[in-house]
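Peer 1: The structure file my_file.tsv (TSV, N, CA, C and O atoms) is provided below.
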```
chain	number	residue	atom	x	y	z
A	1	MET	N	29.15	27.43	-8.30
A	1	MET	CA	29.32	27.61	-6.87
A	1	MET	C	30.57	26.85	-6.42
A	1	MET	O	30.97	25.87	-7.01
A	2	ILE	N	31.15	27.33	-5.35
A	2	ILE	CA	32.38	26.77	-4.81
A	2	ILE	C	32.07	26.13	-3.45
A	2	ILE	O	31.47	26.79	-2.59
A	3	PRO	N	32.46	24.89	-3.22
A	3	PRO	CA	32.28	24.31	-1.89
A	3	PRO	C	33.02	25.15	-0.85
A	3	PRO	O	34.13	25.62	-1.10
A	4	ILE	N	32.43	25.34	0.29
A	4	ILE	CA	33.02	26.21	1.30
A	4	ILE	C	34.39	25.73	1.76
A	4	ILE	O	35.24	26.54	2.13
A	5	ASP	N	34.63	24.43	1.72
A	5	ASP	CA	35.94	23.94	2.15
A	5	ASP	C	37.05	24.26	1.15
A	5	ASP	O	38.22	24.00	1.42
A	6	GLU	N	36.71	24.86	0.01
A	6	GLU	CA	37.70	25.32	-0.96
A	6	GLU	C	37.84	26.84	-0.94
A	6	GLU	O	38.38	27.44	-1.87
A	7	CYS	N	37.39	27.47	0.13
A	7	CYS	CA	37.40	28.94	0.20
A	7	CYS	C	38.80	29.52	0.14
A	7	CYS	O	38.98	30.67	-0.26
A	8	GLU	N	39.82	28.73	0.50
A	8	GLU	CA	41.20	29.24	0.47
A	8	GLU	C	41.67	29.54	-0.95
A	8	GLU	O	42.68	30.20	-1.14
A	9	LYS	N	40.94	29.08	-1.96
A	9	LYS	CA	41.28	29.39	-3.35
A	9	LYS	C	40.92	30.84	-3.70
A	9	LYS	O	41.37	31.36	-4.70
A	10	LEU	N	40.10	31.45	-2.87
A	10	LEU	CA	39.66	32.83	-3.09
A	10	LEU	C	40.48	33.78	-2.23
A	10	LEU	O	40.97	33.42	-1.16
A	11	HIS	N	40.59	35.02	-2.70
A	11	HIS	CA	41.27	36.06	-1.94
A	11	HIS	C	40.50	36.30	-0.64
A	11	HIS	O	39.26	36.29	-0.64
A	12	PRO	N	41.17	36.52	0.48
A	12	PRO	CA	40.48	36.73	1.76
A	12	PRO	C	39.47	37.88	1.75
A	12	PRO	O	38.49	37.85	2.50
A	13	GLU	N	39.68	38.89	0.89
A	13	GLU	CA	38.76	40.03	0.85
A	13	GLU	C	37.66	39.86	-0.20
A	13	GLU	O	36.85	40.77	-0.40
A	14	GLN	N	37.61	38.70	-0.86
A	14	GLN	CA	36.57	38.44	-1.86
A	14	GLN	C	35.20	38.33	-1.16
A	14	GLN	O	35.05	37.65	-0.17
A	15	TRP	N	34.21	39.04	-1.70
A	15	TRP	CA	32.85	38.94	-1.19
A	15	TRP	C	32.21	37.68	-1.75
A	15	TRP	O	32.42	37.33	-2.91
A	16	VAL	N	31.42	37.00	-0.91
A	16	VAL	CA	30.73	35.78	-1.33
A	16	VAL	C	29.34	35.73	-0.71
A	16	VAL	O	29.10	36.26	0.37
A	17	LYS	N	28.43	35.10	-1.44
A	17	LYS	CA	27.14	34.74	-0.87
A	17	LYS	C	27.27	33.31	-0.40
A	17	LYS	O	27.83	32.47	-1.10
A	18	VAL	N	26.78	33.05	0.80
A	18	VAL	CA	26.87	31.72	1.39
A	18	VAL	C	25.49	31.07	1.35
A	18	VAL	O	24.49	31.70	1.74
A	19	TYR	N	25.46	29.82	0.88
A	19	TYR	CA	24.22	29.06	0.81
A	19	TYR	C	24.39	27.73	1.52
A	19	TYR	O	25.47	27.14	1.49
A	20	GLU	N	23.31	27.25	2.12
A	20	GLU	CA	23.29	25.90	2.66
A	20	GLU	C	22.54	25.03	1.67
A	20	GLU	O	21.46	25.39	1.20
A	21	VAL	N	23.13	23.89	1.33
A	21	VAL	CA	22.50	22.96	0.41
A	21	VAL	C	21.90	21.83	1.25
A	21	VAL	O	22.62	21.12	1.96
A	22	LEU	N	20.60	21.70	1.15
A	22	LEU	CA	19.90	20.69	1.93
A	22	LEU	C	18.78	20.12	1.08
A	22	LEU	O	17.94	20.87	0.57
A	23	HIS	N	18.80	18.83	0.89
A	23	HIS	CA	17.77	18.15	0.09
A	23	HIS	C	17.67	18.75	-1.31
A	23	HIS	O	16.58	19.08	-1.79
A	24	GLU	N	18.83	18.96	-1.96
A	24	GLU	CA	18.93	19.48	-3.32
A	24	GLU	C	18.33	20.88	-3.48
A	24	GLU	O	17.92	21.28	-4.55
A	25	GLN	N	18.30	21.64	-2.40
A	25	GLN	CA	17.79	23.00	-2.41
A	25	GLN	C	18.82	23.92	-1.75
A	25	GLN	O	19.41	23.56	-0.74
A	26	CYS	N	19.05	25.09	-2.34
A	26	CYS	CA	20.00	26.06	-1.78
A	26	CYS	C	19.24	27.15	-1.03
A	26	CYS	O	18.35	27.78	-1.58
A	27	ASP	N	19.61	27.34	0.22
A	27	ASP	CA	19.03	28.41	1.03
A	27	ASP	C	20.10	29.44	1.33
A	27	ASP	O	21.16	29.11	1.89
A	28	TYR	N	19.82	30.71	1.00
A	28	TYR	CA	20.75	31.80	1.24
A	28	TYR	C	20.94	31.98	2.74
A	28	TYR	O	19.99	31.99	3.51
A	29	ILE	N	22.20	32.17	3.17
A	29	ILE	CA	22.52	32.38	4.58
A	29	ILE	C	22.96	33.82	4.84
A	29	ILE	O	22.36	34.53	5.62
A	30	ILE	N	24.03	34.26	4.13
A	30	ILE	CA	24.62	35.57	4.40
A	30	ILE	C	25.57	35.95	3.26
A	30	ILE	O	26.03	35.09	2.53
A	31	THR	N	25.86	37.24	3.14
A	31	THR	CA	26.91	37.73	2.26
A	31	THR	C	28.01	38.28	3.15
A	31	THR	O	27.74	39.07	4.06
A	32	CYS	N	29.24	37.85	2.91
A	32	CYS	CA	30.37	38.31	3.71
A	32	CYS	C	31.65	38.16	2.90
A	32	CYS	O	31.62	37.67	1.77
A	33	GLN	N	32.76	38.56	3.48
A	33	GLN	CA	34.05	38.35	2.85
A	33	GLN	C	34.61	37.01	3.31
A	33	GLN	O	34.28	36.52	4.40
A	34	VAL	N	35.46	36.42	2.48
A	34	VAL	CA	36.00	35.09	2.77
A	34	VAL	C	36.66	35.05	4.14
A	34	VAL	O	36.48	34.09	4.91
A	35	HIS	N	37.41	36.09	4.50
A	35	HIS	CA	38.11	36.07	5.80
A	35	HIS	C	37.14	36.07	6.98
A	35	HIS	O	37.53	35.75	8.10
A	36	GLN	N	35.88	36.38	6.76
A	36	GLN	CA	34.88	36.41	7.83
A	36	GLN	C	34.19	35.05	8.03
A	36	GLN	O	33.43	34.89	8.99
A	37	LEU	N	34.45	34.10	7.16
A	37	LEU	CA	33.76	32.81	7.24
A	37	LEU	C	34.01	32.09	8.55
A	37	LEU	O	33.09	31.48	9.12
A	38	ASP	N	35.23	32.13	9.06
A	38	ASP	CA	35.51	31.48	10.34
A	38	ASP	C	34.65	32.06	11.46
A	38	ASP	O	34.16	31.34	12.32
A	39	CYS	N	34.44	33.36	11.43
A	39	CYS	CA	33.61	34.01	12.45
A	39	CYS	C	32.14	33.64	12.25
A	39	CYS	O	31.43	33.32	13.20
A	40	VAL	N	31.67	33.69	11.01
A	40	VAL	CA	30.27	33.37	10.70
A	40	VAL	C	29.95	31.94	11.12
A	40	VAL	O	28.88	31.67	11.66
A	41	PHE	N	30.89	31.03	10.90
A	41	PHE	CA	30.66	29.62	11.20
A	41	PHE	C	31.38	29.18	12.47
A	41	PHE	O	31.72	28.01	12.62
A	42	SER	N	31.60	30.09	13.38
A	42	SER	CA	32.36	29.76	14.59
A	42	SER	C	31.72	28.64	15.41
A	42	SER	O	32.41	27.93	16.13
A	43	GLY	N	30.43	28.46	15.31
A	43	GLY	CA	29.75	27.41	16.05
A	43	GLY	C	29.78	26.06	15.36
A	43	GLY	O	29.32	25.06	15.90
A	44	TYR	N	30.32	26.02	14.14
A	44	TYR	CA	30.36	24.77	13.36
A	44	TYR	C	31.80	24.26	13.27
A	44	TYR	O	32.71	25.04	13.05
A	45	LYS	N	31.98	22.98	13.41
A	45	LYS	CA	33.28	22.40	13.14
A	45	LYS	C	33.47	22.35	11.63
A	45	LYS	O	32.49	22.21	10.90
A	46	LYS	N	34.69	22.48	11.17
A	46	LYS	CA	34.94	22.50	9.72
A	46	LYS	C	34.43	21.24	9.03
A	46	LYS	O	34.06	21.29	7.87
A	47	ILE	N	34.37	20.12	9.72
A	47	ILE	CA	33.86	18.91	9.07
A	47	ILE	C	32.37	19.02	8.78
A	47	ILE	O	31.84	18.26	7.98
A	48	TRP	N	31.68	19.97	9.41
A	48	TRP	CA	30.25	20.17	9.16
A	48	TRP	C	30.00	21.17	8.04
A	48	TRP	O	28.86	21.47	7.72
A	49	TRP	N	31.05	21.72	7.45
A	49	TRP	CA	30.90	22.72	6.40
A	49	TRP	C	30.49	22.11	5.07
A	49	TRP	O	30.26	22.81	4.10
A	50	ASP	N	30.42	20.79	4.98
A	50	ASP	CA	30.14	20.12	3.71
A	50	ASP	C	28.87	20.60	3.03
A	50	ASP	O	28.78	20.63	1.82
A	51	GLY	N	27.87	20.99	3.77
A	51	GLY	CA	26.59	21.37	3.18
A	51	GLY	C	26.49	22.83	2.78
A	51	GLY	O	25.40	23.32	2.51
A	52	PHE	N	27.63	23.54	2.71
A	52	PHE	CA	27.60	24.96	2.38
A	52	PHE	C	28.42	25.24	1.12
A	52	PHE	O	29.46	24.62	0.90
A	53	VAL	N	27.94	26.18	0.31
A	53	VAL	CA	28.65	26.58	-0.91
A	53	VAL	C	28.72	28.10	-0.97
A	53	VAL	O	27.95	28.80	-0.32
A	54	LEU	N	29.67	28.57	-1.78
A	54	LEU	CA	29.91	30.00	-1.94
A	54	LEU	C	29.67	30.43	-3.38
A	54	LEU	O	29.96	29.68	-4.31
A	55	GLU	N	29.19	31.65	-3.53
A	55	GLU	CA	29.04	32.25	-4.85
A	55	GLU	C	29.71	33.62	-4.80
A	55	GLU	O	29.30	34.47	-4.01
A	56	PRO	N	30.77	33.84	-5.58
A	56	PRO	CA	31.49	35.12	-5.54
A	56	PRO	C	30.62	36.29	-6.01
A	56	PRO	O	29.84	36.15	-6.95
A	57	THR	N	30.77	37.42	-5.33
A	57	THR	CA	30.06	38.65	-5.70
A	57	THR	C	31.02	39.82	-5.67
A	57	THR	O	32.13	39.72	-5.17
A	58	ASN	N	30.55	40.96	-6.16
A	58	ASN	CA	31.32	42.19	-5.98
A	58	ASN	C	30.86	42.84	-4.67
A	58	ASN	O	30.02	42.28	-3.95
A	59	GLU	N	31.36	44.02	-4.36
A	59	GLU	CA	31.03	44.69	-3.11
A	59	GLU	C	29.55	45.03	-2.98
A	59	GLU	O	29.03	45.16	-1.88
A	60	GLU	N	28.86	45.17	-4.11
A	60	GLU	CA	27.44	45.50	-4.10
A	60	GLU	C	26.55	44.26	-4.03
A	60	GLU	O	25.34	44.35	-4.04
A	61	GLY	N	27.15	43.07	-3.99
A	61	GLY	CA	26.38	41.84	-3.91
A	61	GLY	C	25.96	41.25	-5.24
A	61	GLY	O	25.20	40.29	-5.28
A	62	GLN	N	26.46	41.82	-6.34
A	62	GLN	CA	26.15	41.28	-7.67
A	62	GLN	C	27.10	40.13	-7.98
A	62	GLN	O	28.30	40.23	-7.74
A	63	LEU	N	26.54	39.06	-8.50
A	63	LEU	CA	27.35	37.89	-8.81
A	63	LEU	C	28.43	38.20	-9.84
A	63	LEU	O	28.20	38.99	-10.75
A	64	ILE	N	29.59	37.58	-9.66
A	64	ILE	CA	30.67	37.69	-10.64
A	64	ILE	C	31.09	36.28	-11.03
A	64	ILE	O	30.87	35.33	-10.27
A	65	PRO	N	31.69	36.11	-12.20
A	65	PRO	CA	32.13	34.78	-12.62
A	65	PRO	C	33.16	34.20	-11.66
A	65	PRO	O	34.03	34.91	-11.15
A	66	ILE	N	33.06	32.91	-11.41
A	66	ILE	CA	34.01	32.24	-10.52
A	66	ILE	C	35.43	32.41	-11.02
A	66	ILE	O	36.35	32.65	-10.24
A	67	GLU	N	35.61	32.33	-12.32
A	67	GLU	CA	36.96	32.46	-12.91
A	67	GLU	C	37.58	33.82	-12.54
A	67	GLU	O	38.76	33.91	-12.25
A	68	LYS	N	36.77	34.86	-12.57
A	68	LYS	CA	37.26	36.21	-12.23
A	68	LYS	C	37.66	36.26	-10.76
A	68	LYS	O	38.69	36.85	-10.41
A	69	ALA	N	36.87	35.66	-9.90
A	69	ALA	CA	37.17	35.66	-8.47
A	69	ALA	C	38.44	34.87	-8.17
A	69	ALA	O	39.22	35.25	-7.30
A	70	LEU	N	38.65	33.78	-8.89
A	70	LEU	CA	39.83	32.95	-8.66
A	70	LEU	C	41.12	33.63	-9.14
A	70	LEU	O	42.20	33.32	-8.64
A	71	LEU	N	41.02	34.56	-10.08
A	71	LEU	CA	42.20	35.28	-10.60
A	71	LEU	C	42.68	36.35	-9.64
A	71	LEU	O	43.80	36.81	-9.75
A	72	ARG	N	41.86	36.75	-8.74
A	72	ARG	CA	42.17	37.85	-7.83
A	72	ARG	C	43.29	37.52	-6.91
A	72	ARG	O	43.48	36.48	-6.41
```
Kindly present the structure from the file in structure tokens form.
Peer 2:
Amino acid sequence: MIPIDECEKLHPEQWVKVYEVLHEQCDYIITCQVHQLDCVFSGYKKIWWDGFVLEPTNEEGQLIPIEKALLR
């Protein structure tokens, strides 16, 4: 998983699953494209993004290797 504050390493059109990490547990939030994260988290200041992580997916929501997503 990629910390959300490192999302700029991914292509803006990369699909990701967003999770909140709380008490060593990951809770699924939403699937969206990287460029949509600012809109999804518009109510949160970027300093509050620490508890969120991303998992790259393809357009159908199937997980893809992080290395593949970073090459895009």
Peer 1: Can you tell me, as JSON, the centre and edge lengths (Å, one decimal) of the axis-aligned box enclosing all of stretch 58-70 of chain A's listed atoms after padding each side by 6 Å?
Peer 2:
```
{"center_x": 33.7, "center_y": 38.9, "center_z": -7.4, "size_x": 29.0, "size_y": 25.3, "size_z": 23.0}
```
Peer 1: Using all atoms listed in the file, which residues sit within 5 Å of stretch 33-42 of chain A once same-chain residues fewer than 3 positions away are excluded, as number ranges by chain?
Peer 2: A: 11-16
Peer 1: Using only C-alpha atoms, which protein or nucleic acid residues come within 12 Å of A:Ile29? Drop anything in the same chain fewer than 4 positions from it, and give the result as a ChimeraX atom specification.
Peer 2: /A:16-21,37,40-41,51-55
Peer 1: Just asking: which residues within chain A are alpha helix (DSSP H) according to DSSP, as a PyMOL selection string?
Peer 2: chain A and resi 37-40+66-71
Peer 1: If I take atom C of A:Ile64 and atom N of A:Leu22, how far is one from the other in Å, to one decimal?
Peer 2: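 Straight-line distance from atom C of A:Ile64 to atom N of A:Leu22 works out to 21.7 Å.
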Peer 1: Please measure the separation of atom CA of A:Glu60 and atom CA of A:Thr31, giving the value in Å to one decimal.
Peer 2: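 So the answer is 10.1 Å.
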Peer 1: Tell me, in Å to one decimal, how far atom N of A:Glu8 is from atom N of A:Cys26.
Peer 2: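 Those two atoms sit 21.3 Å apart.
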Peer 1: I'd like to know which residues of chain A are strand (DSSP E) (by DSSP, run on the backbone); could you write them as JSON, numbers by chain?
Peer 2: {"A": [2, 3, 15, 16, 17, 18, 19, 20, 21, 22, 25, 26, 27, 28, 29, 30, 31, 32, 33, 52, 53, 54, 55, 56, 57]}
Peer 1: Based on the selection just made, write N, CA, C and O atoms of those residues as a JSON list (two decimals), keeping the file's coordinate frame.
Peer 2:
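Just written: selection-v4.json:
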```json
[["chain", "number", "residue", "atom", "x", "y", "z"],
["A", 2, "ILE", "N", 31.15, 27.33, -5.35],
["A", 2, "ILE", "CA", 32.38, 26.77, -4.81],
["A", 2, "ILE", "C", 32.07, 26.13, -3.45],
["A", 2, "ILE", "O", 31.47, 26.79, -2.59],
["A", 3, "PRO", "N", 32.46, 24.89, -3.22],
["A", 3, "PRO", "CA", 32.28, 24.31, -1.89],
["A", 3, "PRO", "C", 33.02, 25.15, -0.85],
["A", 3, "PRO", "O", 34.13, 25.62, -1.10],
["A", 15, "TRP", "N", 34.21, 39.04, -1.70],
["A", 15, "TRP", "CA", 32.85, 38.94, -1.19],
["A", 15, "TRP", "C", 32.21, 37.68, -1.75],
["A", 15, "TRP", "O", 32.42, 37.33, -2.91],
["A", 16, "VAL", "N", 31.42, 37.00, -0.91],
["A", 16, "VAL", "CA", 30.73, 35.78, -1.33],
["A", 16, "VAL", "C", 29.34, 35.73, -0.71],
["A", 16, "VAL", "O", 29.10, 36.26, 0.37],
["A", 17, "LYS", "N", 28.43, 35.10, -1.44],
["A", 17, "LYS", "CA", 27.14, 34.74, -0.87],
["A", 17, "LYS", "C", 27.27, 33.31, -0.40],
["A", 17, "LYS", "O", 27.83, 32.47, -1.10],
["A", 18, "VAL", "N", 26.78, 33.05, 0.80],
["A", 18, "VAL", "CA", 26.87, 31.72, 1.39],
["A", 18, "VAL", "C", 25.49, 31.07, 1.35],
["A", 18, "VAL", "O", 24.49, 31.70, 1.74],
["A", 19, "TYR", "N", 25.46, 29.82, 0.88],
["A", 19, "TYR", "CA", 24.22, 29.06, 0.81],
["A", 19, "TYR", "C", 24.39, 27.73, 1.52],
["A", 19, "TYR", "O", 25.47, 27.14, 1.49],
["A", 20, "GLU", "N", 23.31, 27.25, 2.12],
["A", 20, "GLU", "CA", 23.29, 25.90, 2.66],
["A", 20, "GLU", "C", 22.54, 25.03, 1.67],
["A", 20, "GLU", "O", 21.46, 25.39, 1.20],
["A", 21, "VAL", "N", 23.13, 23.89, 1.33],
["A", 21, "VAL", "CA", 22.50, 22.96, 0.41],
["A", 21, "VAL", "C", 21.90, 21.83, 1.25],
["A", 21, "VAL", "O", 22.62, 21.12, 1.96],
["A", 22, "LEU", "N", 20.60, 21.70, 1.15],
["A", 22, "LEU", "CA", 19.90, 20.69, 1.93],
["A", 22, "LEU", "C", 18.78, 20.12, 1.08],
["A", 22, "LEU", "O", 17.94, 20.87, 0.57],
["A", 25, "GLN", "N", 18.30, 21.64, -2.40],
["A", 25, "GLN", "CA", 17.79, 23.00, -2.41],
["A", 25, "GLN", "C", 18.82, 23.92, -1.75],
["A", 25, "GLN", "O", 19.41, 23.56, -0.74],
["A", 26, "CYS", "N", 19.05, 25.09, -2.34],
["A", 26, "CYS", "CA", 20.00, 26.06, -1.78],
["A", 26, "CYS", "C", 19.24, 27.15, -1.03],
["A", 26, "CYS", "O", 18.35, 27.78, -1.58],
["A", 27, "ASP", "N", 19.61, 27.34, 0.22],
["A", 27, "ASP", "CA", 19.03, 28.41, 1.03],
["A", 27, "ASP", "C", 20.10, 29.44, 1.33],
["A", 27, "ASP", "O", 21.16, 29.11, 1.89],
["A", 28, "TYR", "N", 19.82, 30.71, 1.00],
["A", 28, "TYR", "CA", 20.75, 31.80, 1.24],
["A", 28, "TYR", "C", 20.94, 31.98, 2.74],
["A", 28, "TYR", "O", 19.99, 31.99, 3.51],
["A", 29, "ILE", "N", 22.20, 32.17, 3.17],
["A", 29, "ILE", "CA", 22.52, 32.38, 4.58],
["A", 29, "ILE", "C", 22.96, 33.82, 4.84],
["A", 29, "ILE", "O", 22.36, 34.53, 5.62],
["A", 30, "ILE", "N", 24.03, 34.26, 4.13],
["A", 30, "ILE", "CA", 24.62, 35.57, 4.40],
["A", 30, "ILE", "C", 25.57, 35.95, 3.26],
["A", 30, "ILE", "O", 26.03, 35.09, 2.53],
["A", 31, "THR", "N", 25.86, 37.24, 3.14],
["A", 31, "THR", "CA", 26.91, 37.73, 2.26],
["A", 31, "THR", "C", 28.01, 38.28, 3.15],
["A", 31, "THR", "O", 27.74, 39.07, 4.06],
["A", 32, "CYS", "N", 29.24, 37.85, 2.91],
["A", 32, "CYS", "CA", 30.37, 38.31, 3.71],
["A", 32, "CYS", "C", 31.65, 38.16, 2.90],
["A", 32, "CYS", "O", 31.62, 37.67, 1.77],
["A", 33, "GLN", "N", 32.76, 38.56, 3.48],
["A", 33, "GLN", "CA", 34.05, 38.35, 2.85],
["A", 33, "GLN", "C", 34.61, 37.01, 3.31],
["A", 33, "GLN", "O", 34.28, 36.52, 4.40],
["A", 52, "PHE", "N", 27.63, 23.54, 2.71],
["A", 52, "PHE", "CA", 27.60, 24.96, 2.38],
["A", 52, "PHE", "C", 28.42, 25.24, 1.12],
["A", 52, "PHE", "O", 29.46, 24.62, 0.90],
["A", 53, "VAL", "N", 27.94, 26.18, 0.31],
["A", 53, "VAL", "CA", 28.65, 26.58, -0.91],
["A", 53, "VAL", "C", 28.72, 28.10, -0.97],
["A", 53, "VAL", "O", 27.95, 28.80, -0.32],
["A", 54, "LEU", "N", 29.67, 28.57, -1.78],
["A", 54, "LEU", "CA", 29.91, 30.00, -1.94],
["A", 54, "LEU", "C", 29.67, 30.43, -3.38],
["A", 54, "LEU", "O", 29.96, 29.68, -4.31],
["A", 55, "GLU", "N", 29.19, 31.65, -3.53],
["A", 55, "GLU", "CA", 29.04, 32.25, -4.85],
["A", 55, "GLU", "C", 29.71, 33.62, -4.80],
["A", 55, "GLU", "O", 29.30, 34.47, -4.01],
["A", 56, "PRO", "N", 30.77, 33.84, -5.58],
["A", 56, "PRO", "CA", 31.49, 35.12, -5.54],
["A", 56, "PRO", "C", 30.62, 36.29, -6.01],
["A", 56, "PRO", "O", 29.84, 36.15, -6.95],
["A", 57, "THR", "N", 30.77, 37.42, -5.33],
["A", 57, "THR", "CA", 30.06, 38.65, -5.70],
["A", 57, "THR", "C", 31.02, 39.82, -5.67],
["A", 57, "THR", "O", 32.13, 39.72, -5.17]]
```
